[in-house]
Amino acid sequence: MRVLVVGSGAREHALCWAISASPLCEALYCAPGNPGIAAYATCAKVGVTDLSGLLQLCRDERIDFVVIGPEAPLVAGLVDHLEAQGVKCFGPTQAAAALEGSKGFTKDLCARMNIPTGSYLRVTDAEAAKAEIRRRGAPIVVKADGLAAGKGVVVAMTLGEALDAVDMLMLEKRFGDAGAELVIEEYLAGEEVSFFAITDGTHALALASAQDHKSVGEGDTGPNTGGMGAYSPAPALTLDLEARVMAEIIRPALTGMAQAGTPFTGVLFAGLMLTATGPQLIEFNARFGDPECEVLLRRLKSDLLTVLVAARDGVLDRVSLRWDDRAALGVVLAAEGYPGDPVKGTEIKGLEAAAENSPEIEIFHAGTAQRDGKLIADGGRVLVVTALGETVKAAQVAAYSAVDQIDWPGGFCRRDIGWRAVGR
Ligand code: AMP
Ligand code: GLY
């Protein structure tokens with residue numbers, strides 16, 4: 001097969017790393033890719049939401065199968081666009097990607113299918129939003145309905161913060177049209193875990209458990225990010241809980257989507273809060289998490305491409321997933337300033353030394369670029385250093401010892417990735 005991966009982050013680097021090892025993969029392309037991905041795939045300078053450019057690339061390179069990493073092209077309808085022209089894709093259609101593209105859509109699905117989640121109200125007017133916030137009181141959660149790069153959610157501990165969030169999202173339009181509609185939602189307390197299932201619309205396979213660290217600061221403090229690190233397995237997600245999540249959240253969601261005539265295929269990523277009354281849905285995403293994908297793929301022993309093709313073809317019941325018993329842990333190295341404005345252009349050295357002679361280490365690139373023969377930082381999250389180990393603790397030690405060999409004064413990382421699992 002001639003395969004194209006769409007995206008340019010560490011998640012797509014990990015996808016290319018795994019797919020290039022498949023006996024089914026004859027040629028691998030990535031759009032737009034990054035310098036790390038270039039070691040595994042031919043990178044093509046086409047943007048992830050350039051639908052016609054991506055179709056042209058598929059034609060030029062005779063691509064058989066496309067794997068889409070990020071949410072923006074899914075929500076923009078890339079799968080519909082390519083499949084209509086006979087190019088097979090792994091990922092949901094535009095209608096199904098509404099599970100990530102519209103938080104209100106997901107909440108309505110939960111209500112219809114009895115999926116446990118916080119109570120909510122959808123509002124399209126700032127006064128109605130504020131009235132609902134005053135009626136419920138704090139703590140309360142205010143969410144932009146549409147895509148806002150993970151930044152459209154305000155978990156407000158006070159009434160004032162919640163009311164300000166309405167102004168920021170609806171009146172100042174910080175995230176443009178994404179904030180034209182809001183979801184006002186009940187605050188859920190508990191431990192957060194990520195849950196992933198691969199699905200062909202009918203059948204679903206749970207992936208191994210994983211947990212990420214969203215806050216920028218140690219001890220899970222400070223502003224939210226896309227994720228500062230992740231590990232798998234996540235001891236918080238026991239087999240018993242996994243069975244409950246499949247039965248109470250994943251399967252009803254897939255049934256509801258199929259009943260609506262918009263079956264969901266691809267990766268269904270459930271952000272969960274483990275509350276006193278059981279797992280509750282915080283949100284769905286329509287793709288692999290980043291950096292969760294990186295640690296999951298380090299542990300996947302089955303051939304990834306075979307699984308993705310089976311999901312596309314509706315025969316996921318014919319495959320199973322095998323996992324490495326070892327733990328995997330990934331540490332994100334970010335550029336100073338992230339999650340605000342990251343400083344770009346600083347030089348990164350020592351990557352080879354950090355990964356050399358250590359089969360347990362893989363370093364995935366996110367926001368890197370090559371300039372004048374040098375590797376430089378070119379984004380917020382820049383590298384993800386992953387390690388395997390007999391335990392989460394052992395993987396943590398190995399990952400940080402590789403991190404310490406990287407020479408990049410312009411970057412920083414959290415030193416406590418995995419603390420919950422290690423503490424247990
Ligand atoms: P989301 O983009 O929906 O994942 O929200 C971002 C983060 O906000 C989540 O990872 C949670 O930490 C937090 N969050 C979202 N919804 C709630 C909720 N109802 N209660 C408590 N925290 C929440
Ligand atoms: N790490 C969380 C996400 O990918 O949304």
# chains A, B, ... in the order shown; residues from 1 in each chain; ligands from 1
>>> residues_near_ligand(ligand="ligand 1", cutoff="8 Å", atoms="only C-alpha atoms and all ligand atoms", output="PyMOL selection string")
chain A and resi 103+117-118+140-141+143+150-155+185-189+192+214+224+271+273+282-284
>>> residues_near_ligand(ligand="ligand 2", cutoff="12 Å", atoms="only C-alpha atoms and all ligand atoms", output="VMD selection string")
chain A and resid 9 to 12 69 to 71 100 147 to 151 192 to 196 210 to 215 224 to 231 267 to 272 282 to 295 330 332 381
>>> closest_residue(among="A:Ala178, A:Ala96, A:Val319, A:Ala138", to="Pro263 (chain A)", atoms="only C-alpha atoms")
A:Ala96
>>> residues_around(residues="region 301-305 of chain A", least_positions_apart="5", cutoff="8 Å", atoms="only C-alpha atoms", output="list in words")
Ala18, Ile19, Ser22, Leu24, Cys25, Ser320, Leu321, Arg322, Trp323 and Asp324 of chain A
>>> closest_residue(among="A:Leu28, A:Ile63, A:Ala395, A:Ala260", to="Leu329 (chain A)", atoms="only C-alpha atoms")
A:Ala395
>>> select_by_dssp(residues="region 224-289 of chain A", states="alpha helix (DSSP H)", output="count of residues only")
16
>>> atom_distance(atom1="CA of Ala41 (chain A)", atom2="CA of Ala204 (chain A)")
28.9 Å
>>> closest_residue(among="A:Ala355, A:Ala197, A:Ala84, A:Leu241", to="Leu316 (chain A)", atoms="only C-alpha atoms")
A:Ala197
>>> residues_around(residues="Ala387 (chain A)", least_positions_apart="4", cutoff="8 Å", atoms="only C-alpha atoms", output="PyMOL selection string")
chain A and resi 328-330+360-362+395-396+398-399
>>> select_by_dssp(residues="region 31-118 of chain A", states="strand (DSSP E)", output="ChimeraX atom specification")
/A:31-32,42-43,65-68,88-90
>>> residues_around(residues="Thr255 (chain A)", least_positions_apart="4", cutoff="12 Å", atoms="only C-alpha atoms", output="PyMOL selection string")
chain A and resi 109-110+112-115+199-204+246-251+259-265
>>> residues_around(residues="Gly345 (chain A)", least_positions_apart="2", cutoff="12 Å", atoms="only C-alpha atoms", output="list in words")
Ala335, Glu336, Pro342, Val343, Glu347, Ile348, Gly367, Thr368, Ala369, Gln370, Arg371, Asp372, Lys374, Leu375, Ile376, Ala377, Asp378, Gly379, Gly380, Val382, Trp408, Pro409, Gly410 and Gly411 of chain A
>>> decode(residues="region 152-187 of chain A", atoms="N, CA, C and O atoms", output="PDB file, in the first residue's frame")
ATOM      1  N   GLY A 152     -10.792  26.505  24.425  1.00  0.00           N
ATOM      2  CA  GLY A 152     -12.118  27.110  24.533  1.00  0.00           C
ATOM      3  C   GLY A 152     -12.915  26.666  25.743  1.00  0.00           C
ATOM      4  O   GLY A 152     -14.127  26.820  25.774  1.00  0.00           O
ATOM      5  N   VAL A 153     -12.221  26.089  26.748  1.00  0.00           N
ATOM      6  CA  VAL A 153     -12.910  25.607  27.948  1.00  0.00           C
ATOM      7  C   VAL A 153     -12.414  26.378  29.156  1.00  0.00           C
ATOM      8  O   VAL A 153     -11.213  26.483  29.383  1.00  0.00           O
ATOM      9  N   VAL A 154     -13.342  26.935  29.927  1.00  0.00           N
ATOM     10  CA  VAL A 154     -12.962  27.603  31.177  1.00  0.00           C
ATOM     11  C   VAL A 154     -13.629  26.868  32.336  1.00  0.00           C
ATOM     12  O   VAL A 154     -14.850  26.779  32.400  1.00  0.00           O
ATOM     13  N   VAL A 155     -12.789  26.296  33.182  1.00  0.00           N
ATOM     14  CA  VAL A 155     -13.298  25.650  34.402  1.00  0.00           C
ATOM     15  C   VAL A 155     -13.269  26.748  35.464  1.00  0.00           C
ATOM     16  O   VAL A 155     -12.204  27.109  35.957  1.00  0.00           O
ATOM     17  N   ALA A 156     -14.437  27.307  35.757  1.00  0.00           N
ATOM     18  CA  ALA A 156     -14.506  28.499  36.607  1.00  0.00           C
ATOM     19  C   ALA A 156     -14.812  28.110  38.042  1.00  0.00           C
ATOM     20  O   ALA A 156     -15.802  27.450  38.323  1.00  0.00           O
ATOM     21  N   MET A 157     -13.915  28.531  38.943  1.00  0.00           N
ATOM     22  CA  MET A 157     -14.114  28.230  40.359  1.00  0.00           C
ATOM     23  C   MET A 157     -14.970  29.309  41.019  1.00  0.00           C
ATOM     24  O   MET A 157     -15.493  29.107  42.113  1.00  0.00           O
ATOM     25  N   THR A 158     -15.070  30.469  40.350  1.00  0.00           N
ATOM     26  CA  THR A 158     -15.899  31.553  40.899  1.00  0.00           C
ATOM     27  C   THR A 158     -16.882  32.028  39.834  1.00  0.00           C
ATOM     28  O   THR A 158     -16.660  31.834  38.631  1.00  0.00           O
ATOM     29  N   LEU A 159     -17.948  32.668  40.295  1.00  0.00           N
ATOM     30  CA  LEU A 159     -18.962  33.212  39.401  1.00  0.00           C
ATOM     31  C   LEU A 159     -18.338  34.230  38.451  1.00  0.00           C
ATOM     32  O   LEU A 159     -18.633  34.249  37.255  1.00  0.00           O
ATOM     33  N   GLY A 160     -17.431  35.070  39.002  1.00  0.00           N
ATOM     34  CA  GLY A 160     -16.800  36.116  38.197  1.00  0.00           C
ATOM     35  C   GLY A 160     -16.042  35.542  37.015  1.00  0.00           C
ATOM     36  O   GLY A 160     -16.169  36.026  35.888  1.00  0.00           O
ATOM     37  N   GLU A 161     -15.272  34.470  37.266  1.00  0.00           N
ATOM     38  CA  GLU A 161     -14.510  33.843  36.169  1.00  0.00           C
ATOM     39  C   GLU A 161     -15.442  33.309  35.091  1.00  0.00           C
ATOM     40  O   GLU A 161     -15.148  33.395  33.899  1.00  0.00           O
ATOM     41  N   ALA A 162     -16.549  32.736  35.529  1.00  0.00           N
ATOM     42  CA  ALA A 162     -17.481  32.150  34.569  1.00  0.00           C
ATOM     43  C   ALA A 162     -18.125  33.240  33.709  1.00  0.00           C
ATOM     44  O   ALA A 162     -18.254  33.100  32.491  1.00  0.00           O
ATOM     45  N   LEU A 163     -18.496  34.341  34.363  1.00  0.00           N
ATOM     46  CA  LEU A 163     -19.131  35.436  33.614  1.00  0.00           C
ATOM     47  C   LEU A 163     -18.122  36.065  32.648  1.00  0.00           C
ATOM     48  O   LEU A 163     -18.450  36.374  31.498  1.00  0.00           O
ATOM     49  N   ASP A 164     -16.863  36.202  33.093  1.00  0.00           N
ATOM     50  CA  ASP A 164     -15.814  36.727  32.213  1.00  0.00           C
ATOM     51  C   ASP A 164     -15.600  35.813  31.005  1.00  0.00           C
ATOM     52  O   ASP A 164     -15.304  36.280  29.904  1.00  0.00           O
ATOM     53  N   ALA A 165     -15.718  34.493  31.247  1.00  0.00           N
ATOM     54  CA  ALA A 165     -15.508  33.547  30.158  1.00  0.00           C
ATOM     55  C   ALA A 165     -16.543  33.750  29.061  1.00  0.00           C
ATOM     56  O   ALA A 165     -16.236  33.649  27.871  1.00  0.00           O
ATOM     57  N   VAL A 166     -17.754  34.059  29.466  1.00  0.00           N
ATOM     58  CA  VAL A 166     -18.813  34.316  28.470  1.00  0.00           C
ATOM     59  C   VAL A 166     -18.423  35.522  27.624  1.00  0.00           C
ATOM     60  O   VAL A 166     -18.517  35.501  26.383  1.00  0.00           O
ATOM     61  N   ASP A 167     -17.940  36.581  28.273  1.00  0.00           N
ATOM     62  CA  ASP A 167     -17.524  37.775  27.524  1.00  0.00           C
ATOM     63  C   ASP A 167     -16.387  37.443  26.573  1.00  0.00           C
ATOM     64  O   ASP A 167     -16.404  37.831  25.401  1.00  0.00           O
ATOM     65  N   MET A 168     -15.397  36.691  27.089  1.00  0.00           N
ATOM     66  CA  MET A 168     -14.214  36.361  26.286  1.00  0.00           C
ATOM     67  C   MET A 168     -14.615  35.542  25.053  1.00  0.00           C
ATOM     68  O   MET A 168     -14.179  35.805  23.944  1.00  0.00           O
ATOM     69  N   LEU A 169     -15.478  34.559  25.261  1.00  0.00           N
ATOM     70  CA  LEU A 169     -15.807  33.638  24.160  1.00  0.00           C
ATOM     71  C   LEU A 169     -16.856  34.218  23.215  1.00  0.00           C
ATOM     72  O   LEU A 169     -16.754  34.076  21.998  1.00  0.00           O
ATOM     73  N   MET A 170     -17.868  34.889  23.798  1.00  0.00           N
ATOM     74  CA  MET A 170     -18.994  35.302  22.962  1.00  0.00           C
ATOM     75  C   MET A 170     -18.902  36.729  22.462  1.00  0.00           C
ATOM     76  O   MET A 170     -19.211  37.010  21.319  1.00  0.00           O
ATOM     77  N   LEU A 171     -18.452  37.630  23.333  1.00  0.00           N
ATOM     78  CA  LEU A 171     -18.468  39.036  22.944  1.00  0.00           C
ATOM     79  C   LEU A 171     -17.142  39.445  22.306  1.00  0.00           C
ATOM     80  O   LEU A 171     -17.106  40.042  21.240  1.00  0.00           O
ATOM     81  N   GLU A 172     -16.015  39.069  22.961  1.00  0.00           N
ATOM     82  CA  GLU A 172     -14.712  39.387  22.355  1.00  0.00           C
ATOM     83  C   GLU A 172     -14.367  38.388  21.256  1.00  0.00           C
ATOM     84  O   GLU A 172     -13.404  38.592  20.519  1.00  0.00           O
ATOM     85  N   LYS A 173     -15.124  37.307  21.165  1.00  0.00           N
ATOM     86  CA  LYS A 173     -14.932  36.299  20.107  1.00  0.00           C
ATOM     87  C   LYS A 173     -13.491  35.831  20.005  1.00  0.00           C
ATOM     88  O   LYS A 173     -12.910  35.774  18.917  1.00  0.00           O
ATOM     89  N   ARG A 174     -12.878  35.487  21.152  1.00  0.00           N
ATOM     90  CA  ARG A 174     -11.479  35.069  21.194  1.00  0.00           C
ATOM     91  C   ARG A 174     -11.212  33.903  20.242  1.00  0.00           C
ATOM     92  O   ARG A 174     -10.150  33.817  19.639  1.00  0.00           O
ATOM     93  N   PHE A 175     -12.175  33.019  20.099  1.00  0.00           N
ATOM     94  CA  PHE A 175     -11.985  31.881  19.194  1.00  0.00           C
ATOM     95  C   PHE A 175     -12.956  31.949  18.019  1.00  0.00           C
ATOM     96  O   PHE A 175     -13.401  30.931  17.501  1.00  0.00           O
ATOM     97  N   GLY A 176     -13.274  33.184  17.635  1.00  0.00           N
ATOM     98  CA  GLY A 176     -14.109  33.403  16.453  1.00  0.00           C
ATOM     99  C   GLY A 176     -15.454  32.720  16.577  1.00  0.00           C
ATOM    100  O   GLY A 176     -16.087  32.755  17.639  1.00  0.00           O
ATOM    101  N   ASP A 177     -15.876  32.085  15.488  1.00  0.00           N
ATOM    102  CA  ASP A 177     -17.195  31.464  15.428  1.00  0.00           C
ATOM    103  C   ASP A 177     -17.351  30.307  16.405  1.00  0.00           C
ATOM    104  O   ASP A 177     -18.471  29.905  16.713  1.00  0.00           O
ATOM    105  N   ALA A 178     -16.205  29.736  16.871  1.00  0.00           N
ATOM    106  CA  ALA A 178     -16.286  28.608  17.803  1.00  0.00           C
ATOM    107  C   ALA A 178     -17.078  28.999  19.046  1.00  0.00           C
ATOM    108  O   ALA A 178     -17.692  28.155  19.693  1.00  0.00           O
ATOM    109  N   GLY A 179     -17.074  30.304  19.372  1.00  0.00           N
ATOM    110  CA  GLY A 179     -17.758  30.770  20.578  1.00  0.00           C
ATOM    111  C   GLY A 179     -19.138  31.367  20.316  1.00  0.00           C
ATOM    112  O   GLY A 179     -19.759  31.938  21.219  1.00  0.00           O
ATOM    113  N   ALA A 180     -19.644  31.216  19.106  1.00  0.00           N
ATOM    114  CA  ALA A 180     -20.982  31.746  18.803  1.00  0.00           C
ATOM    115  C   ALA A 180     -22.039  30.994  19.605  1.00  0.00           C
ATOM    116  O   ALA A 180     -23.097  31.522  19.928  1.00  0.00           O
ATOM    117  N   GLU A 181     -21.747  29.743  19.915  1.00  0.00           N
ATOM    118  CA  GLU A 181     -22.617  28.979  20.803  1.00  0.00           C
ATOM    119  C   GLU A 181     -21.759  28.481  21.961  1.00  0.00           C
ATOM    120  O   GLU A 181     -20.592  28.132  21.770  1.00  0.00           O
ATOM    121  N   LEU A 182     -22.345  28.448  23.160  1.00  0.00           N
ATOM    122  CA  LEU A 182     -21.615  27.951  24.325  1.00  0.00           C
ATOM    123  C   LEU A 182     -22.368  26.779  24.947  1.00  0.00           C
ATOM    124  O   LEU A 182     -23.570  26.624  24.751  1.00  0.00           O
ATOM    125  N   VAL A 183     -21.610  25.971  25.685  1.00  0.00           N
ATOM    126  CA  VAL A 183     -22.223  24.967  26.537  1.00  0.00           C
ATOM    127  C   VAL A 183     -21.876  25.342  27.977  1.00  0.00           C
ATOM    128  O   VAL A 183     -20.701  25.552  28.301  1.00  0.00           O
ATOM    129  N   ILE A 184     -22.897  25.491  28.786  1.00  0.00           N
ATOM    130  CA  ILE A 184     -22.696  25.743  30.222  1.00  0.00           C
ATOM    131  C   ILE A 184     -22.883  24.384  30.897  1.00  0.00           C
ATOM    132  O   ILE A 184     -23.921  23.738  30.715  1.00  0.00           O
ATOM    133  N   GLU A 185     -21.854  23.974  31.638  1.00  0.00           N
ATOM    134  CA  GLU A 185     -21.842  22.576  32.068  1.00  0.00           C
ATOM    135  C   GLU A 185     -21.525  22.418  33.549  1.00  0.00           C
ATOM    136  O   GLU A 185     -20.716  23.165  34.092  1.00  0.00           O
ATOM    137  N   GLU A 186     -22.118  21.415  34.107  1.00  0.00           N
ATOM    138  CA  GLU A 186     -21.875  21.049  35.501  1.00  0.00           C
ATOM    139  C   GLU A 186     -20.389  20.734  35.708  1.00  0.00           C
ATOM    140  O   GLU A 186     -19.767  20.078  34.866  1.00  0.00           O
ATOM    141  N   TYR A 187     -19.827  21.178  36.815  1.00  0.00           N
ATOM    142  CA  TYR A 187     -18.433  20.881  37.159  1.00  0.00           C
ATOM    143  C   TYR A 187     -18.350  19.468  37.722  1.00  0.00           C
ATOM    144  O   TYR A 187     -19.119  19.094  38.599  1.00  0.00           O
TER     145      TYR A 187
END
